[in-house]
Structure formats: structure tokens, C-alpha cells
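Okay, protein.tsv now, which holds TSV, C-alpha atoms:
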```
chain	number	residue	atom	x	y	z
Z	1	MET	CA	29.62	84.10	15.37
Z	2	LYS	CA	27.10	86.94	15.74
Z	3	ARG	CA	24.28	84.44	15.79
Z	4	ARG	CA	25.85	82.60	18.69
Z	5	TRP	CA	26.26	85.77	20.70
Z	6	LEU	CA	22.66	86.61	19.89
Z	7	LEU	CA	21.66	83.20	21.21
Z	8	VAL	CA	23.59	83.78	24.42
Z	9	ALA	CA	22.11	87.27	24.78
Z	10	THR	CA	18.60	85.90	24.29
Z	11	TRP	CA	19.21	83.25	26.89
Z	12	VAL	CA	20.53	85.78	29.40
Z	13	ALA	CA	17.52	88.02	28.72
Z	14	ALA	CA	15.20	85.09	29.33
Z	15	LEU	CA	16.92	84.32	32.62
Z	16	THR	CA	16.68	87.85	33.89
Z	17	ALA	CA	13.09	88.44	32.78
Z	18	THR	CA	11.09	89.95	35.62
Z	19	PRO	CA	7.61	88.75	36.49
Z	20	ALA	CA	4.59	90.90	35.65
Z	21	THR	CA	4.02	93.75	38.06
Z	22	ALA	CA	0.72	94.13	39.83
Z	23	MET	CA	-1.92	96.23	38.15
Z	24	LYS	CA	-1.63	99.80	39.33
Z	25	VAL	CA	-4.17	102.44	40.17
Z	26	GLY	CA	-5.05	104.36	37.01
Z	27	GLU	CA	-4.73	101.40	34.68
Z	28	THR	CA	-7.68	100.09	32.72
Z	29	ALA	CA	-9.04	96.83	34.06
Z	30	PRO	CA	-9.00	93.97	31.55
Z	31	MET	CA	-12.47	93.08	30.30
Z	32	LEU	CA	-12.49	89.47	31.43
Z	33	SER	CA	-15.25	86.95	31.78
Z	34	ALA	CA	-15.60	83.78	33.82
Z	35	PRO	CA	-18.25	81.20	34.68
Z	36	ARG	CA	-20.49	81.52	37.70
Z	37	ALA	CA	-21.69	78.63	39.85
Z	38	ASP	CA	-25.00	78.45	37.96
Z	39	GLY	CA	-23.21	78.08	34.62
Z	40	ASP	CA	-23.83	81.61	33.38
Z	41	THR	CA	-20.89	83.74	32.36
Z	42	LEU	CA	-20.15	86.99	34.10
Z	43	SER	CA	-18.15	89.54	32.16
Z	44	LEU	CA	-16.66	92.80	33.34
Z	45	GLU	CA	-17.74	94.37	30.05
Z	46	SER	CA	-21.38	93.94	31.07
Z	47	LEU	CA	-20.69	95.81	34.32
Z	48	LYS	CA	-19.29	98.92	32.67
Z	49	GLY	CA	-21.02	101.97	34.09
Z	50	GLN	CA	-21.06	100.41	37.54
Z	51	VAL	CA	-18.55	100.62	40.36
Z	52	VAL	CA	-17.10	97.14	40.84
Z	53	TYR	CA	-14.95	95.71	43.59
Z	54	ILE	CA	-13.13	92.57	42.46
Z	55	ASP	CA	-12.00	90.37	45.32
Z	56	PHE	CA	-9.59	87.51	44.66
Z	57	TRP	CA	-10.07	84.71	47.15
Z	58	ALA	CA	-9.39	81.01	47.70
Z	59	SER	CA	-10.62	78.42	50.16
Z	60	TRP	CA	-7.09	77.77	51.44
Z	61	CYS	CA	-6.57	81.45	52.25
Z	62	ALA	CA	-7.61	82.18	55.83
Z	63	PRO	CA	-7.64	86.00	55.53
Z	64	CYS	CA	-9.82	85.66	52.42
Z	65	ARG	CA	-12.32	83.70	54.47
Z	66	ALA	CA	-12.20	86.30	57.25
Z	67	ALA	CA	-12.83	89.12	54.76
Z	68	MET	CA	-15.88	87.51	53.15
Z	69	PRO	CA	-18.54	88.52	55.73
Z	70	GLU	CA	-17.33	92.13	55.75
Z	71	LEU	CA	-17.35	92.28	51.95
Z	72	ASP	CA	-20.78	90.73	51.88
Z	73	SER	CA	-22.08	93.31	54.30
Z	74	LEU	CA	-20.59	96.06	52.10
Z	75	TYR	CA	-22.29	94.54	49.08
Z	76	ASP	CA	-25.64	94.29	50.85
Z	77	GLN	CA	-25.43	97.94	51.92
Z	78	MET	CA	-24.69	99.30	48.44
Z	79	ARG	CA	-25.98	96.78	45.94
Z	80	GLY	CA	-28.84	98.98	44.80
Z	81	GLN	CA	-26.56	101.90	43.93
Z	82	ASP	CA	-24.75	100.79	40.76
Z	83	PHE	CA	-22.24	98.91	42.86
Z	84	THR	CA	-21.32	95.26	42.92
Z	85	VAL	CA	-18.68	93.00	44.37
Z	86	ILE	CA	-17.31	90.11	42.34
Z	87	GLY	CA	-15.58	87.32	44.20
Z	88	VAL	CA	-13.02	85.68	41.91
Z	89	ASN	CA	-12.23	82.25	43.24
Z	90	VAL	CA	-8.83	80.87	42.23
Z	91	ASP	CA	-9.16	77.36	43.69
Z	92	ARG	CA	-8.15	74.68	41.23
Z	93	GLN	CA	-10.93	72.48	42.62
Z	94	ARG	CA	-14.31	74.18	42.47
Z	95	GLU	CA	-15.62	71.77	45.13
Z	96	ALA	CA	-13.25	73.31	47.67
Z	97	ALA	CA	-14.66	76.75	46.91
Z	98	LEU	CA	-18.25	75.53	47.12
Z	99	ARG	CA	-17.55	73.84	50.46
Z	100	MET	CA	-16.22	77.11	51.82
Z	101	LEU	CA	-19.21	79.02	50.48
Z	102	GLU	CA	-21.47	76.64	52.37
Z	103	GLN	CA	-19.66	77.62	55.56
Z	104	VAL	CA	-19.34	81.31	54.70
Z	105	PRO	CA	-22.29	82.10	52.44
Z	106	VAL	CA	-22.21	85.37	50.55
Z	107	ASP	CA	-24.74	87.25	48.42
Z	108	PHE	CA	-22.31	88.80	45.94
Z	109	PRO	CA	-21.61	87.03	42.65
Z	110	ILE	CA	-18.80	84.50	42.58
Z	111	VAL	CA	-16.89	83.50	39.45
Z	112	PHE	CA	-14.45	80.63	39.14
Z	113	ASP	CA	-10.97	81.12	37.75
Z	114	PRO	CA	-9.18	77.79	38.29
Z	115	GLN	CA	-6.55	78.58	35.64
Z	116	GLY	CA	-5.73	81.89	37.32
Z	117	LYS	CA	-6.40	83.90	34.15
Z	118	TRP	CA	-7.97	86.82	36.00
Z	119	ALA	CA	-5.34	86.65	38.70
Z	120	ALA	CA	-2.57	86.69	36.10
Z	121	GLN	CA	-4.13	89.61	34.20
Z	122	PHE	CA	-4.37	91.62	37.41
Z	123	ALA	CA	-0.97	90.24	38.54
Z	124	VAL	CA	-2.40	89.74	42.02
Z	125	PRO	CA	0.43	90.45	44.48
Z	126	MET	CA	-0.99	88.51	47.43
Z	127	MET	CA	-4.11	86.79	48.68
Z	128	PRO	CA	-6.56	88.29	49.26
Z	129	SER	CA	-6.34	91.24	46.92
Z	130	GLY	CA	-9.08	93.56	45.79
Z	131	TYR	CA	-9.45	96.11	43.01
Z	132	LEU	CA	-11.98	98.90	43.00
Z	133	ILE	CA	-12.95	99.77	39.45
Z	134	ASP	CA	-14.82	102.93	38.53
Z	135	ARG	CA	-17.65	103.37	36.06
Z	136	GLN	CA	-15.19	103.82	33.17
Z	137	GLY	CA	-13.40	100.58	33.92
Z	138	THR	CA	-10.31	102.16	35.50
Z	139	VAL	CA	-8.69	100.72	38.61
Z	140	ARG	CA	-9.04	103.43	41.25
Z	141	TYR	CA	-7.97	101.61	44.39
Z	142	ARG	CA	-6.10	98.44	45.21
Z	143	HIS	CA	-6.30	96.58	48.48
Z	144	SER	CA	-4.04	93.74	49.59
Z	145	GLY	CA	-4.38	91.49	52.60
Z	146	TYR	CA	-7.06	91.78	55.25
Z	147	ARG	CA	-7.36	92.97	58.82
Z	148	PRO	CA	-10.71	93.33	60.58
Z	149	GLY	CA	-12.26	96.76	60.04
Z	150	GLU	CA	-10.04	97.61	57.07
Z	151	LEU	CA	-12.87	97.57	54.60
Z	152	SER	CA	-14.62	100.54	56.19
Z	153	ALA	CA	-12.13	102.77	54.35
Z	154	LEU	CA	-13.17	101.02	51.17
Z	155	SER	CA	-16.77	102.00	51.82
Z	156	ASN	CA	-15.86	105.71	51.63
Z	157	LYS	CA	-13.97	105.22	48.37
Z	158	ILE	CA	-16.94	103.40	46.86
Z	159	LYS	CA	-19.28	106.20	47.88
Z	160	ALA	CA	-16.94	108.76	46.28
Z	161	LEU	CA	-16.83	106.78	43.04
Z	162	LEU	CA	-20.59	106.42	43.00
Z	163	GLN	CA	-20.84	110.22	43.04
Z	164	GLU	CA	-18.96	110.39	39.74
Z	165	LYS	CA	-21.10	110.59	36.63
Z	166	ALA	CA	-21.72	107.56	34.47
Z	167	PRO	CA	-19.93	107.65	31.06
P	1	MET	CA	37.35	82.40	20.75
P	2	LYS	CA	35.24	79.83	18.96
P	3	GLY	CA	35.85	77.40	21.78
P	4	ILE	CA	34.75	79.92	24.39
P	5	VAL	CA	31.51	80.63	22.57
P	6	GLN	CA	30.80	76.93	22.13
P	7	THR	CA	31.48	76.27	25.79
P	8	THR	CA	29.25	79.18	26.82
P	9	VAL	CA	26.41	77.95	24.65
P	10	ALA	CA	26.85	74.40	25.92
P	11	VAL	CA	26.86	75.50	29.58
P	12	ALA	CA	23.83	77.73	28.96
P	13	ALA	CA	21.96	74.89	27.32
P	14	ALA	CA	22.93	72.48	30.09
P	15	ILE	CA	21.76	74.83	32.84
P	16	THR	CA	18.53	75.60	31.03
P	17	LEU	CA	17.76	71.97	30.30
P	18	SER	CA	18.66	70.84	33.80
P	19	GLY	CA	15.90	73.02	35.22
P	20	CYS	CA	18.31	75.21	37.14
P	21	ALA	CA	17.59	78.31	35.12
P	22	LEU	CA	16.93	81.46	37.09
P	23	SER	CA	13.85	82.03	34.99
P	24	MET	CA	12.03	79.14	36.61
P	25	GLN	CA	8.55	80.41	37.20
P	26	PRO	CA	7.93	81.36	40.81
P	27	VAL	CA	4.79	80.14	42.53
P	28	GLU	CA	2.31	82.96	42.13
P	29	PRO	CA	0.26	84.09	45.14
P	30	TRP	CA	-2.89	82.52	43.70
P	31	GLN	CA	-1.09	79.19	43.25
P	32	MET	CA	0.06	78.88	46.87
P	33	ASP	CA	-2.33	76.02	47.47
P	34	ASN	CA	0.17	73.89	45.59
P	35	LEU	CA	2.60	74.39	48.46
P	36	ALA	CA	-0.10	73.49	50.99
P	37	ARG	CA	-0.77	70.13	49.41
P	38	ALA	CA	0.02	67.09	51.54
P	39	GLU	CA	2.58	65.76	49.06
P	40	MET	CA	4.55	68.99	49.36
P	41	ALA	CA	5.14	68.54	53.10
P	42	LEU	CA	8.66	67.79	54.27
P	43	GLN	CA	7.18	65.06	56.45
P	44	ILE	CA	4.61	63.09	54.51
P	45	ASP	CA	3.19	61.47	57.64
P	46	PRO	CA	3.26	63.84	60.64
P	47	GLN	CA	2.12	61.09	63.01
P	48	LEU	CA	4.95	58.78	61.96
P	49	ALA	CA	7.41	61.67	62.18
P	50	ALA	CA	6.23	62.43	65.73
P	51	TYR	CA	6.56	58.74	66.63
P	52	ARG	CA	10.10	58.55	65.26
P	53	SER	CA	11.00	61.74	67.07
P	54	HIS	CA	9.65	60.23	70.30
P	55	VAL	CA	11.68	57.05	69.78
P	56	GLY	CA	14.76	59.17	69.15
P	57	PHE	CA	14.08	61.18	72.28
P	58	SER	CA	13.61	58.02	74.39
P	59	LYS	CA	16.80	56.42	73.13
P	60	GLU	CA	18.95	59.48	73.49
P	61	ALA	CA	17.30	60.69	76.70
P	62	ALA	CA	17.65	64.17	75.37
P	63	THR	CA	15.57	66.71	73.57
P	64	GLY	CA	16.63	68.53	70.49
P	65	GLY	CA	18.72	67.47	67.59
P	66	ALA	CA	15.71	67.06	65.35
P	67	SER	CA	15.02	70.76	65.13
P	68	VAL	CA	16.78	74.06	65.54
P	69	SER	CA	16.02	74.62	69.19
P	70	GLY	CA	17.63	72.46	71.87
P	71	GLY	CA	21.18	71.29	71.71
P	72	GLY	CA	20.71	67.72	72.86
P	73	CYS	CA	22.49	68.42	76.13
P	74	GLY	CA	20.10	66.30	78.11
P	75	CYS	CA	19.13	69.18	80.39
P	76	ASN	CA	15.40	68.93	79.75
```
Can you dump the structure from the file as C-alpha cells?
Amino acid sequence: MKRRWLLVATWVAALTATPATAMKVGETAPMLSAPRADGDTLSLESLKGQVVYIDFWASWCAPCRAAMPELDSLYDQMRGQDFTVIGVNVDRQREAALRMLEQVPVDFPIVFDPQGKWAAQFAVPMMPSGYLIDRQGTVRYRHSGYRPGELSALSNKIKALLQEKAP
Amino acid sequence: MKGIVQTTVAVAAAITLSGCALSMQPVEPWQMDNLARAEMALQIDPQLAAYRSHVGFSKEAATGGASVSGGGCGCN
């Protein structure tokens, strides 16, 4: 009898299970890796000691497309100062992403995550979403959505993080 | 009591197996392109849908009825 109740309890628990919550500020970013367009693998581990902004984007996401030039400009301004942007593309078809990159070319590195592994680890709440990670690998700022001019605030946060000492 | 437990387990199993379980995975934000795919559209062929709507409009001499707005009163 107890076993049956246990079965029912397990089933109820499974039904009421809540989805993963988005990664919060202060949490340690998962050390993921993913392929780049040229076939090389980019890993977050290799970027430890740098300030990294991870931007999740997709070709079907209009605000993501709108944010790309502003992010690229941010990257170009600060790329020589231990800062990088990583664009994590979540398109299931890489061709769609490459087509968009032809229309909206960017200088910052792009990695492809068709299975959504990165997105799931970060529990991305909406598209686009961005995570600013400090030199120690801790998420220090999270940005969701995009409106023109919004990323200027991000620029100040990056500068502040760049002032912090390397580990 | 035994009967109640058996019934509960049976109903639970039926709901779970029928795909009606509340734990069905929601579409995550990064999977939204699945909803944008052509085969997910309510109208598979928008042109044909527009044509049918036009035929309906011509026959009934009234707007509305096919959507929320318009009551089909003929006062277009």
C-alpha cells in the first residue's frame, strides 16, 4: 500500500515540478564550450581572467538582430582591454544563422548551440538575453530584451569590471 | 481503500500516458522558432485562407464572422 502512495506522490511531484530558474547575478557561470564557424572550439574556461559578455541570439529573433550592431560596436571599442563578447546562436539550422550574419556582420566571436545546451544552463528567460561575467567567472549583470541605446549602460558596467584586479 | 488507490494510479497513468500531464515541457524562449515554423500556423496557406475569406465575404455580403472583430451585420 505504501509503495502505491509513494508512486502517486512521485507522480504528483513530477507534475508540479517547476522549470529551471534563470541564472542570477552572483552565480558562477558554467564553463561551457561550443564550436565556432571555423570549426574551432571556444570555451569559457579559456576566457577566465577576462570580462565576457555572453549574448544569446537567433536569426528568427528581431530584437536580437537589432542589438547586434550595438554589441559589435561595444566589442570594437573594448576588445583590447581584456574584454570580449560571445554571441551564442541557438538556431537549430546553422545556415539560418550564417545567412543573418551575412546581412548583419559582426566582429565578435560566434558559437553555435543548436541543442540549446548553453541556453539551458543559463536558463535564458527570453530572447535576446545577455550575461556579463567578471574575471572570476561570476555573473555580475544580466540583461534581457533589447531597446535602442540600452547597451550604453552595459558599457559602464564593463568598464567597472575591467577595473577589478585579475585573479 | 484498495480500490481507490488502484483507481488513482490508473487515472494518473492514463493522464500521464495521454500526454495531458501538467509537466509537459513548455517551449523554452530559445526554442520559439518551433512556433514560427510554417507547419505550426493555424492557416497552412495564408493565400488560400484569404481567398476563402473573400468568397465568404462575397456570398454573405457582410464582413466579420471569420474573426473577432465585426459582427456580420452587413454595415460595412
Pairwise distance, CA of Val111 (chain Z) with CA of Glu150 (chain Z), equals 23.6 Å
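With distances restricted to all atoms listed in the file, P:Trp30 is the closest residue to chain Z from P:Thr7, P:Trp30, P:Gln47, P:Ser53.
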### Message
So that I can check the surroundings of Ser33 (chain Z), please list as an MDAnalysis selection string every protein, DNA and RNA residue that reaches within 9 Å of it, counting all atoms listed in the file and ignoring chain neighbours fewer than 6 positions away.
### Response
chainID Z and resid 41:45 111 118
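The space between CA of Glu28 (chain P) and CA of Ala123 (chain Z) spans 8.8 Å.
When CA of Pro109 (chain Z) is paired with CA of Asp134 (chain Z), their separation reads 17.8 Å.
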- Kindly indicate which residue among Z:Val106, Z:Cys64, Z:Ile86, Z:Ala37 lies nearest to chain P, using only C-alpha atoms for the distances.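 Under the stated criterion, the closest residue is Z:Cys64.
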Edge lengths and centre, in Å to one decimal, as JSON: that's what I need for the box along x, y and z that holds all listed atoms of region 36-40 of chain Z plus 4 Å on each side.
```
{"center_x": -22.7, "center_y": 79.8, "center_z": 36.6, "size_x": 12.5, "size_y": 11.5, "size_z": 14.5}
```
Requested in this report: Might you pull out every residue within 12 Å of Gln163 (chain Z), with all atoms listed in the file counted and same-chain residues fewer than 4 positions away left off, and present them as a PyMOL selection string?
Outcome: chain Z and resi 50-51+81-83+134-135+156-159
* To do: Identify, on the basis of all atoms listed in the file, every residue whose closest approach to Val90 (chain Z) does not exceed 10 Å; exclude the query and any residue fewer than 6 positions from it along the same chain; express the result as an NGL selection string.
  => (:Z and (56-60 or 97 or 111-119 or 127)) or (:P and (30-31 or 33))
Write to file, as a tab-separated table (two decimals), in the coordinates of the input, the residues of the selection just made, with C-alpha atoms.
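Listing of again19.tsv after writing:
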```tsv
chain	number	residue	atom	x	y	z
Z	56	PHE	CA	-9.59	87.51	44.66
Z	57	TRP	CA	-10.07	84.71	47.15
Z	58	ALA	CA	-9.39	81.01	47.70
Z	59	SER	CA	-10.62	78.42	50.16
Z	60	TRP	CA	-7.09	77.77	51.44
Z	97	ALA	CA	-14.66	76.75	46.91
Z	111	VAL	CA	-16.89	83.50	39.45
Z	112	PHE	CA	-14.45	80.63	39.14
Z	113	ASP	CA	-10.97	81.12	37.75
Z	114	PRO	CA	-9.18	77.79	38.29
Z	115	GLN	CA	-6.55	78.58	35.64
Z	116	GLY	CA	-5.73	81.89	37.32
Z	117	LYS	CA	-6.40	83.90	34.15
Z	118	TRP	CA	-7.97	86.82	36.00
Z	119	ALA	CA	-5.34	86.65	38.70
Z	127	MET	CA	-4.11	86.79	48.68
P	30	TRP	CA	-2.89	82.52	43.70
P	31	GLN	CA	-1.09	79.19	43.25
P	33	ASP	CA	-2.33	76.02	47.47
```
Skipping near chain neighbours, those fewer than 2 positions away, what residues fall within 12 Å of Gln136 (chain Z) using all atoms listed in the file, listed as number ranges by chain? Z: 26-31, 44-52, 132-134, 138-140, 161-162, 164-167
Proximity to chain P - best of Z:Asp72, Z:Tyr131, Z:Gln103, Z:Cys61, all atoms listed in the file: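 Of the candidates, the smallest distance to chain P is held by Z:Cys61.
Nearest-residue note for Phe122 (chain Z): choosing from P:Val9, P:Ser58, P:Tyr51, P:Pro29, the minimum distance belongs to P:Pro29, counting all atoms listed in the file.
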- request: Within 8 Å of Tyr75 (chain Z), counting all atoms listed in the file, which residues show up once you throw out same-chain ones fewer than 3 positions away? Write them as a ChimeraX atom specification, please.
  value: /Z:71-72,78-79,83-85,107-108
